[in-house]
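A.B. asks: Contents of model-v6.txt (compact mmCIF, C-alpha atoms):
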```txt
# COMPACT_ATOMS: atom_id res chain seq x y z
CA MET A 1 -48.86 233.90 82.91
CA LYS A 2 -47.63 237.27 84.15
CA ASN A 3 -50.07 238.97 86.51
CA LYS A 4 -51.91 241.57 84.44
CA THR A 5 -54.93 243.61 85.40
CA VAL A 6 -56.96 245.73 83.00
CA PRO A 7 -59.54 248.49 83.56
CA LEU A 8 -63.05 247.69 82.34
CA LEU A 9 -65.47 250.22 83.85
CA LYS A 10 -65.26 253.40 85.94
CA ILE A 11 -67.81 253.21 88.77
CA ALA A 12 -66.85 256.24 90.90
CA ASN A 13 -64.49 259.20 90.82
CA ASP A 14 -61.74 257.16 92.47
CA LYS A 15 -62.82 253.55 91.73
CA SER A 16 -62.97 251.29 88.68
CA ILE A 17 -63.84 247.69 87.97
CA TYR A 18 -60.71 245.83 86.86
CA PHE A 19 -60.19 242.28 85.61
CA ASP A 20 -57.29 240.08 86.66
CA LEU A 21 -56.20 238.00 83.65
CA SER A 22 -54.22 235.55 85.79
CA THR A 23 -57.11 234.61 88.11
CA HIS A 24 -60.00 235.52 85.72
CA GLU A 25 -61.70 237.53 88.47
CA LEU A 26 -63.24 240.98 88.65
CA PHE A 27 -62.28 243.35 91.47
CA ILE A 28 -62.59 246.99 92.51
CA GLN A 29 -59.43 249.08 92.03
CA GLU A 30 -59.22 252.24 94.12
CA PHE A 31 -57.09 255.23 93.18
CA VAL A 32 -55.30 257.54 95.61
CA GLY A 33 -52.69 260.26 95.55
CA PRO A 34 -52.14 263.59 93.82
CA TYR A 35 -53.26 262.42 90.37
CA THR A 36 -56.67 261.20 91.55
CA GLU A 37 -59.41 263.77 91.99
CA LYS A 38 -62.23 263.14 94.43
CA SER A 39 -65.59 264.61 95.45
CA GLY A 40 -67.39 264.88 92.12
CA LYS A 41 -64.47 265.79 89.89
CA SER A 42 -63.23 263.80 86.91
CA TYR A 43 -61.31 260.55 87.18
CA SER A 44 -57.52 260.71 87.10
CA LYS A 45 -57.16 259.01 83.70
CA SER A 46 -58.24 262.14 81.84
CA ASN A 47 -55.66 264.18 83.76
CA THR A 48 -53.07 261.47 83.19
CA TRP A 49 -53.60 261.62 79.43
CA ALA A 50 -53.60 265.43 79.35
CA ALA A 51 -50.41 265.77 81.40
CA SER A 52 -48.64 263.00 79.49
CA MET A 53 -49.60 264.35 76.07
CA LEU A 54 -48.55 267.88 77.03
CA GLY A 55 -45.23 266.57 78.34
CA GLY A 56 -44.74 264.53 75.19
CA VAL A 57 -45.51 267.44 72.88
CA LEU A 58 -42.98 269.62 74.70
CA VAL A 59 -40.20 267.05 75.16
CA ILE A 60 -40.41 264.97 71.97
CA PRO A 61 -39.55 267.74 69.45
CA LEU A 62 -36.45 268.61 71.49
CA LEU A 63 -35.35 264.96 71.46
CA ALA A 64 -36.04 264.63 67.73
CA LYS A 65 -33.61 267.43 66.87
CA GLN A 66 -30.88 265.66 68.84
CA PHE A 67 -31.20 262.53 66.68
CA LYS A 68 -30.05 264.47 63.60
CA ILE A 69 -26.55 264.43 65.13
CA VAL A 70 -26.38 260.65 64.72
CA SER A 71 -26.03 260.64 60.95
CA PHE A 72 -23.82 257.53 60.70
CA ILE A 73 -26.62 255.20 61.82
CA PRO A 74 -28.63 253.56 59.00
CA ILE A 75 -32.07 255.13 58.60
CA TYR A 76 -33.99 251.96 59.50
CA LEU A 77 -32.08 251.74 62.83
CA MET A 78 -32.82 255.40 63.51
CA VAL A 79 -36.51 254.73 62.82
CA ALA A 80 -36.44 251.85 65.33
CA CYS A 81 -34.54 253.97 67.90
CA LEU A 82 -36.93 256.94 67.59
CA PHE A 83 -39.98 254.72 68.04
CA GLY A 84 -38.25 252.99 70.97
CA VAL A 85 -37.49 256.29 72.71
CA GLY A 86 -41.11 257.39 72.28
CA TRP A 87 -42.26 254.01 73.63
CA ILE A 88 -40.05 254.32 76.73
CA ILE A 89 -41.26 257.87 77.44
CA GLY A 90 -44.89 256.67 77.14
CA LYS A 91 -44.23 253.76 79.50
CA LEU A 92 -42.59 256.06 82.06
CA ALA A 93 -45.51 258.51 81.83
CA ALA A 94 -48.07 255.70 82.34
CA ASN A 95 -46.13 254.35 85.34
CA LEU A 96 -45.63 257.80 86.86
CA PHE A 97 -49.24 258.94 86.63
CA LEU A 98 -51.42 255.82 86.62
CA GLU A 99 -49.58 252.97 88.31
CA ASN A 100 -48.46 255.17 91.20
CA SER A 101 -52.08 256.28 91.74
CA LYS A 102 -53.37 252.75 92.33
CA GLY A 103 -54.58 252.13 95.87
CA LYS A 104 -56.07 249.04 97.42
CA GLN A 105 -57.91 246.30 95.55
CA THR A 106 -61.24 245.12 96.90
CA LYS A 107 -62.67 241.72 96.01
CA LYS A 108 -66.45 241.36 95.87
CA ILE A 109 -69.06 239.06 94.42
CA PHE A 110 -70.41 240.67 91.28
CA LYS A 111 -74.02 240.20 90.21
CA ARG A 112 -75.19 239.51 86.69
CA ASP A 113 -76.49 243.05 86.08
CA GLU A 114 -73.15 244.55 87.20
CA VAL A 115 -71.25 242.30 84.78
CA MET A 116 -73.70 243.23 82.01
CA LYS A 117 -72.82 246.92 82.55
CA VAL A 118 -69.13 246.01 82.26
CA LEU A 119 -69.75 244.09 79.02
CA LYS A 120 -71.78 246.97 77.54
CA ASN A 121 -68.76 249.21 78.13
CA SER A 122 -66.66 247.00 75.81
CA LYS A 123 -67.95 248.96 72.79
CA ASN A 124 -66.29 252.11 74.15
CA PHE A 125 -62.87 250.42 74.15
CA LYS A 126 -62.96 249.03 70.60
CA LEU A 127 -61.91 252.40 69.18
CA VAL A 128 -58.76 252.35 71.36
CA VAL A 129 -57.91 248.87 70.04
CA TRP A 130 -58.24 250.05 66.45
CA VAL A 131 -56.19 253.20 67.09
CA GLN A 132 -53.36 251.18 68.64
CA PHE A 133 -53.53 248.64 65.82
CA LEU A 134 -53.39 251.40 63.17
CA PHE A 135 -50.46 253.11 64.91
CA LEU A 136 -48.50 249.83 65.07
CA MET A 137 -49.35 248.97 61.48
CA GLY A 138 -48.39 252.49 60.32
CA TYR A 139 -45.09 252.24 62.14
CA GLY A 140 -44.40 248.81 60.59
CA MET A 141 -45.08 250.16 57.10
CA PHE A 142 -42.87 253.20 57.69
CA PHE A 143 -40.10 250.94 59.01
CA LEU A 144 -40.22 248.93 55.76
CA TYR A 145 -40.26 252.18 53.76
CA SER A 146 -37.21 253.41 55.71
CA LEU A 147 -35.14 250.60 54.19
CA SER A 148 -35.28 252.46 50.85
CA ILE A 149 -34.75 256.11 51.90
CA ASN A 150 -31.50 258.04 52.36
CA ASN A 151 -32.43 260.56 55.04
CA LEU A 152 -35.03 261.18 57.72
CA SER A 153 -36.55 264.64 58.10
CA THR A 154 -37.06 266.30 61.48
CA GLU A 155 -40.83 266.16 60.93
CA ASP A 156 -40.70 262.40 60.36
CA SER A 157 -38.55 262.02 63.47
CA ILE A 158 -41.09 263.94 65.56
CA ILE A 159 -43.96 261.87 64.16
CA LEU A 160 -42.11 258.62 64.95
CA LEU A 161 -41.50 259.72 68.54
CA ILE A 162 -45.13 260.78 68.97
CA VAL A 163 -46.43 257.50 67.50
CA GLY A 164 -44.16 255.53 69.84
CA PHE A 165 -45.20 257.69 72.80
CA VAL A 166 -48.97 257.54 72.19
CA THR A 167 -48.94 253.81 71.37
CA SER A 168 -46.97 253.03 74.53
CA LEU A 169 -49.16 255.26 76.69
CA MET A 170 -52.29 253.49 75.39
CA HIS A 171 -50.67 250.10 75.84
CA TYR A 172 -49.58 250.60 79.44
CA SER A 173 -52.52 252.64 80.73
CA VAL A 174 -55.46 250.88 79.05
CA HIS A 175 -54.01 247.57 77.75
CA PRO A 176 -56.39 247.52 74.74
CA PHE A 177 -55.60 244.02 73.44
CA ALA A 178 -55.57 242.44 76.91
CA GLN A 179 -58.80 244.28 77.66
CA GLN A 180 -60.53 242.61 74.71
CA LYS A 181 -59.32 239.24 76.00
CA ALA A 182 -60.85 240.09 79.40
CA PHE A 183 -64.20 240.91 77.78
CA ARG A 184 -64.14 237.57 75.90
CA ILE A 185 -63.44 235.68 79.14
CA LEU A 186 -66.28 237.54 80.90
CA LYS A 187 -68.71 236.63 78.10
CA LYS A 188 -67.77 232.95 78.45
CA GLN A 189 -68.21 233.17 82.22
CA MET A 190 -71.64 234.75 81.73
CA LYS A 191 -72.71 231.94 79.36
CA ALA A 192 -71.52 229.40 81.89
CA GLY A 193 -73.81 231.00 84.50
CA MET A 194 -71.01 232.11 86.79
CA TYR A 195 -72.73 235.37 87.75
CA ASP A 196 -76.27 234.02 88.03
CA GLU A 197 -77.90 234.79 91.37
```
Mind turning this structure into structure tokens?

C.D. replies:
Amino acid sequence: MKNKTVPLLKIANDKSIYFDLSTHELFIQEFVGPYTEKSGKSYSKSNTWAASMLGGVLVIPLLAKQFKIVSFIPIYLMVACLFGVGWIIGKLAANLFLENSKGKQTKKIFKRDEVMKVLKNSKNFKLVVWVQFLFLMGYGMFFLYSLSINNLSTEDSIILLIVGFVTSLMHYSVHPFAQQKAFRILKKQMKAGMYDE
């Protein structure tokens, strides 16, 4: 399995509890660099989202107008290309702001009450899972609809780019589906008494 780590709980302005899906272990992920604020200010993820969304809102409409030039491509391929471009921009934004801010990882032995706090936080992430699922389902339905239309408006092009961008940004910064898998593994570990003192 590819090494994948997911955020589960913010514990300080520059630290979060992460879960490694390849080793099934919790660890502390520190954040450093220009996109991480310290000394009582907010955690870098909020700034990451704000900067990425602002960049996307400014860049995506300009890109969408350029796609009107490619009129010889079938609409369904254009729909796939627009979503793909939005996805790539979201992935680049997540890598630029979040992945480059990751500092050292610290392993520690977590106690039962600490893991319980992590598990309680799982409710906060369910909304992100549903949003990503709805975006993907909406895109899939629009792709099927695009098989029967003759042209794609600029507004639809912009929406496709934004959906691809936001879905990708969620996927690569939060990993909603992998995160839910991590919570399920933690629950099983708790039942097995792994974090009992």

A.B. asks: Looking at all atoms listed in the file, which of A:Leu8, A:Ile162, A:Leu169, A:Leu127 is the one that sits closest to Ala93 in chain A?

C.D. replies: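 Of the candidates, the smallest distance to Ala93 in chain A is held by A:Leu169.
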
A.B. asks: Could you state the separation of CA of Gln29 in chain A and CA of Gly103 in chain A in Å, given to one decimal place?

C.D. replies: 6.9 Å

A.B. asks: Go through A:Asn100, A:Ser157, A:Ser22, A:Gln179 one by one, measure the shortest atom-to-atom distance of each to Phe125 in chain A using all atoms listed in the file, and give the residue with the smallest value.

C.D. replies: A:Gln179

A.B. asks: Let me know the centre plus edge lengths, in Å and rounded to one decimal, of a box with edges along x, y and z that contains all listed atoms of range 151-159 of chain A and is padded by 8 Å on every side, as lines of an AutoDock Vina configuration file.

C.D. replies:
```
center_x = -38.2
center_y = 263.4
center_z = 60.3
size_x = 27.5
size_y = 21.7
size_z = 26.5
```

A.B. asks: With all atoms listed in the file counted and 10 Å as the cut-off, give the residues of range 82-152 of chain A in contact with range 24-27 of chain A, each with its shortest interatomic distance in Å and the pair that gives it, as a tab-separated table.

C.D. replies:
```
residue	atom	partner	partner_atom	distance
A:Gln105	CA	A:Phe27	CA	6.7
A:Thr106	CA	A:Phe27	CA	5.8
A:Lys107	CA	A:Phe27	CA	4.8
A:Lys108	CA	A:Phe27	CA	6.4
A:Ile109	CA	A:Leu26	CA	8.4
A:Phe110	CA	A:Leu26	CA	7.6
A:Val115	CA	A:Leu26	CA	9.0
```

A.B. asks: In Å, how far is it from CA of Ile149 in chain A to CA of Leu134 in chain A?

C.D. replies: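 Separation between CA of Ile149 in chain A and CA of Leu134 in chain A: 22.3 Å.
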
A.B. asks: Tell me which of A:Ser148, A:Gln180, A:Ser16, A:Ser173 sits closest to Glu99 in chain A, counting all atoms listed in the file.

C.D. replies: A:Ser173

A.B. asks: Please indicate the distance in Å from CA of Ala80 in chain A to CA of Leu160 in chain A, rounded to one decimal place.

C.D. replies: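 Rounded to one decimal, the two atoms are 8.8 Å apart.
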